[in-house]
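This is model-v1.txt. It holds compact mmCIF, C-alpha atoms.
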# COMPACT_ATOMS: atom_id res chain seq x y z
CA MET A 13 88.21 70.08 95.35
CA GLY A 14 90.97 68.80 93.03
CA ALA A 15 94.70 68.77 93.80
CA THR A 16 95.29 71.71 91.47
CA SER A 17 92.70 73.80 93.27
CA ARG A 18 94.26 73.08 96.66
CA ARG A 19 97.72 73.90 95.35
CA GLY A 20 96.44 77.16 93.90
CA LEU A 21 94.71 78.02 97.14
CA LEU A 22 97.88 77.33 99.11
CA LYS A 23 99.90 79.53 96.74
CA VAL A 24 97.42 82.38 97.14
CA GLY A 25 97.46 81.96 100.91
CA LEU A 26 101.25 81.95 101.09
CA GLY A 27 101.46 84.90 98.74
CA ALA A 28 98.95 86.89 100.80
CA ALA A 29 100.82 86.07 104.02
CA ALA A 30 104.10 87.18 102.48
CA LEU A 31 102.50 90.37 101.18
CA LEU A 32 101.04 91.15 104.60
CA ALA A 33 104.40 90.52 106.27
CA VAL A 34 106.23 92.76 103.79
CA GLY A 35 103.48 95.38 103.98
CA GLY A 36 103.54 95.38 107.77
CA GLY A 37 107.30 95.76 107.85
CA LEU A 38 107.16 98.46 105.20
CA ALA A 39 104.42 100.31 107.09
CA THR A 40 106.58 100.28 110.22
CA LEU A 41 109.52 101.70 108.30
CA LEU A 42 107.35 104.30 106.59
CA GLN A 43 105.34 105.35 109.65
CA PRO A 44 106.66 108.95 109.64
CA ALA A 45 105.71 109.34 105.96
CA LEU A 46 102.29 107.79 106.58
CA GLN A 47 101.53 110.26 109.34
CA ALA A 48 102.82 113.23 107.36
CA THR A 49 100.16 113.16 104.63
CA LEU A 50 97.29 114.52 106.72
CA LYS A 51 97.88 116.97 109.54
CA GLN A 52 94.82 118.03 111.49
CA GLY A 53 92.60 117.10 108.56
CA ARG A 54 94.65 119.09 106.03
CA LEU A 55 96.73 117.61 103.23
CA THR A 56 100.43 118.41 103.28
CA ALA A 57 101.94 120.17 100.24
CA GLU A 58 103.39 116.87 99.00
CA ALA A 59 100.06 115.09 99.45
CA ARG A 60 98.26 117.94 97.63
CA ARG A 61 100.60 117.50 94.65
CA LEU A 62 99.89 113.75 94.65
CA VAL A 63 96.12 114.26 94.91
CA GLY A 64 96.29 116.78 92.06
CA ALA A 65 98.15 114.31 89.85
CA LEU A 66 95.60 111.61 90.65
CA ALA A 67 92.67 114.00 90.09
CA GLU A 68 93.92 114.90 86.62
CA ALA A 69 94.10 111.21 85.72
CA VAL A 70 90.76 110.22 87.27
CA LEU A 71 88.75 113.24 86.13
CA GLN A 72 90.32 113.77 82.71
CA GLY A 73 87.59 115.03 80.42
CA SER A 74 85.50 116.41 83.29
CA LEU A 75 88.02 118.55 85.16
CA PRO A 76 88.33 121.98 83.55
CA ALA A 77 91.79 122.87 82.29
CA GLY A 78 94.10 125.05 84.32
CA GLU A 79 95.87 125.19 87.63
CA ALA A 80 93.03 127.05 89.36
CA ALA A 81 90.54 124.28 88.56
CA LEU A 82 93.02 121.66 89.71
CA GLN A 83 93.60 123.45 93.01
CA ARG A 84 89.81 123.79 93.53
CA GLN A 85 89.56 120.02 93.03
CA VAL A 86 92.34 119.35 95.55
CA ASP A 87 90.57 121.68 98.00
CA ALA A 88 87.29 119.82 97.39
CA PHE A 89 89.07 116.49 97.93
CA GLU A 90 90.48 117.80 101.20
CA THR A 91 87.01 118.97 102.28
CA THR A 92 85.52 115.56 101.46
CA VAL A 93 88.27 113.78 103.37
CA GLY A 94 87.69 116.09 106.33
CA LYS A 95 84.11 114.80 106.56
CA LEU A 96 85.19 111.16 106.75
CA PRO A 97 85.35 109.30 110.07
CA ALA A 98 88.74 109.35 111.77
CA ALA A 99 89.42 105.69 110.93
CA ALA A 100 88.79 106.30 107.22
CA ARG A 101 91.03 109.39 107.29
CA ALA A 102 93.78 107.32 108.91
CA GLU A 103 93.49 104.65 106.21
CA LEU A 104 93.59 107.30 103.49
CA ALA A 105 96.66 108.86 105.13
CA GLN A 106 98.33 105.45 104.97
CA LEU A 107 97.44 105.03 101.31
CA LEU A 108 98.71 108.49 100.41
CA GLY A 109 101.84 107.88 102.48
CA LEU A 110 102.52 104.70 100.54
CA LEU A 111 102.04 106.51 97.25
CA LEU A 112 104.37 109.29 98.38
CA SER A 113 107.22 106.94 99.29
CA ALA A 114 109.27 105.29 96.55
CA ALA A 115 109.17 101.87 98.22
CA GLY A 116 105.43 102.01 98.91
CA ARG A 117 104.67 103.30 95.44
CA ALA A 118 106.76 100.52 93.86
CA LEU A 119 104.97 97.92 95.96
CA LEU A 120 101.48 99.26 95.30
CA THR A 121 101.79 100.47 91.70
CA GLY A 122 105.04 99.09 90.34
CA GLN A 123 106.17 102.69 89.70
CA ARG A 124 109.20 104.22 91.39
CA ALA A 125 108.92 107.78 90.07
CA PRO A 126 106.63 110.24 91.88
CA LEU A 127 103.23 110.22 90.23
CA HIS A 128 103.21 113.96 89.55
CA GLU A 129 106.32 113.45 87.39
CA LEU A 130 104.53 110.98 85.13
CA GLY A 131 102.56 111.97 82.07
CA LEU A 132 98.78 111.85 82.14
CA ALA A 133 98.65 108.68 80.01
CA GLU A 134 101.17 106.97 82.32
CA ARG A 135 99.13 107.88 85.41
CA GLN A 136 95.95 106.61 83.79
CA ALA A 137 97.66 103.35 82.80
CA LEU A 138 98.98 102.96 86.35
CA LEU A 139 95.48 103.45 87.77
CA GLN A 140 94.03 101.06 85.20
CA GLY A 141 96.60 98.48 86.28
CA MET A 142 95.45 98.89 89.87
CA ARG A 143 91.81 98.61 88.84
CA VAL A 144 92.25 95.30 87.02
CA SER A 145 94.83 93.83 89.40
CA ARG A 146 94.30 90.38 90.84
CA LEU A 147 95.25 91.78 94.26
CA ALA A 148 92.22 93.08 96.12
CA LEU A 149 94.41 95.59 97.99
CA ARG A 150 95.42 97.30 94.74
CA GLN A 151 91.80 97.34 93.54
CA GLN A 152 90.60 98.82 96.84
CA ALA A 153 93.25 101.54 96.64
CA TYR A 154 92.16 102.39 93.11
CA PHE A 155 88.47 102.53 93.97
CA ALA A 156 89.12 104.66 97.06
CA LEU A 157 91.13 107.19 95.06
CA ARG A 158 88.66 107.20 92.17
CA ASP A 159 85.57 107.47 94.35
CA LEU A 160 86.95 110.21 96.58
CA ASN A 161 88.01 112.26 93.56
CA ALA A 162 84.69 111.76 91.80
CA ALA A 163 82.60 112.44 94.91
CA SER A 164 84.50 115.60 95.75
CA PHE A 165 84.31 116.84 92.16
CA PHE A 166 80.62 116.21 91.57
CA ALA A 167 79.59 117.53 94.98
CA GLU A 168 81.04 120.99 94.36
CA PRO A 169 78.83 123.66 92.73
CA HIS A 170 81.81 125.04 90.76
CA SER A 171 81.92 121.71 88.87
CA TRP A 172 78.30 121.76 87.82
CA ALA A 173 78.65 124.38 85.09
CA ALA A 174 81.32 122.33 83.30
CA LEU A 175 78.88 119.42 83.31
CA ALA A 176 75.88 121.51 82.21
CA TYR A 177 74.14 120.58 85.47
CA PRO A 178 71.94 123.44 86.72
CA GLY A 179 72.10 122.28 90.32
CA PRO A 180 69.45 120.86 92.59
CA ARG A 181 65.92 122.13 92.20
CA ALA A 182 64.34 124.07 95.01
CA LEU A 183 61.49 122.15 96.60
Here is the file; what I need is its structure written in the form of structure tokens.
Amino acid sequence: MGATSRRGLLKVGLGAAALLAVGGGLATLLQPALQATLKQGRLTAEARRLVGALAEAVLQGSLPAGEAALQRQVDAFETTVGKLPAAARAELAQLLGLLLSAAGRALLTGQRAPLHELGLAERQALLQGMRVSRLALRQQAYFALRDLNAASFFAEPHSWAALAYPGPRAL
């Protein structure tokens, strides 16, 4: 391994350690917000607004227009989350809590404004930035949000008509 490779590895290691230290301190400061996103398996009103904003960005083109369709998607997301193991729900609550707090959102996405206040194109660009980030944490957050939204959308029978899917065949 050359000197440049070692130096790069040391920089990545120091950067990751600093990020973990800042993230741990931030998580301690934000603990009330982190716990407030999911109460007894249900999303809080603020978390529902966030999930709706993310769903519009992730499912754009598949999600039918209108507030009723958006609320059905948020309900489906909540149902999907309710079926996850407790540890996964706790991690999701932490992620949503970070996205709901200005400091956590700035750290994770670089955006200070609440996501529901951003335009659709801005939310999609923010998610794209997370997807292609060099930080695995940002990528994992993106994939979790994308996969949960997609899974909850495609699992619901009310979504099938919009996709011209007749539903499962009877055996």
Inset, instruction - Could you tell me which of A:Ala105, A:Ala162, A:Leu96, A:Leu112 comes closest to Arg124 (chain A) if we count only C-alpha atoms? - result: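 Under the stated criterion, the closest residue is A:Leu112.
Candidate residues A:Val24, A:Val70, A:Leu62, A:Ala114 were compared for distance to Asn161 (chain A), and the nearest is A:Val70, using all atoms listed in the file.
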Inset, instruction - For Glu134 (chain A), please output as a ChimeraX atom specification all residues within 12 Å (counting only C-alpha atoms; exclusion window: fewer than 2 positions along the same chain). - result: /A:65-66,68-70,121-123,125-132,136-141
Inset, instruction - Give the answer as one residue: which of A:Gln85, A:Arg18, A:Leu183, A:Tyr177 has the shortest atom-to-atom distance to Leu160 (chain A), using all atoms listed in the file? - result: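 Ranking A:Gln85, A:Arg18, A:Leu183, A:Tyr177 by distance to Leu160 (chain A), first place goes to A:Gln85.
Across the model, the gap from CA of Leu75 (chain A) to CA of Phe155 (chain A) is 18.3 Å.
Closest approach to Pro169 (chain A) among A:Ala80, A:Ala156, A:Ala88, A:Leu110: A:Ala88, based on all atoms listed in the file.
Between CA of Met142 (chain A) and CA of Tyr154 (chain A) the interatomic distance comes to 5.8 Å.
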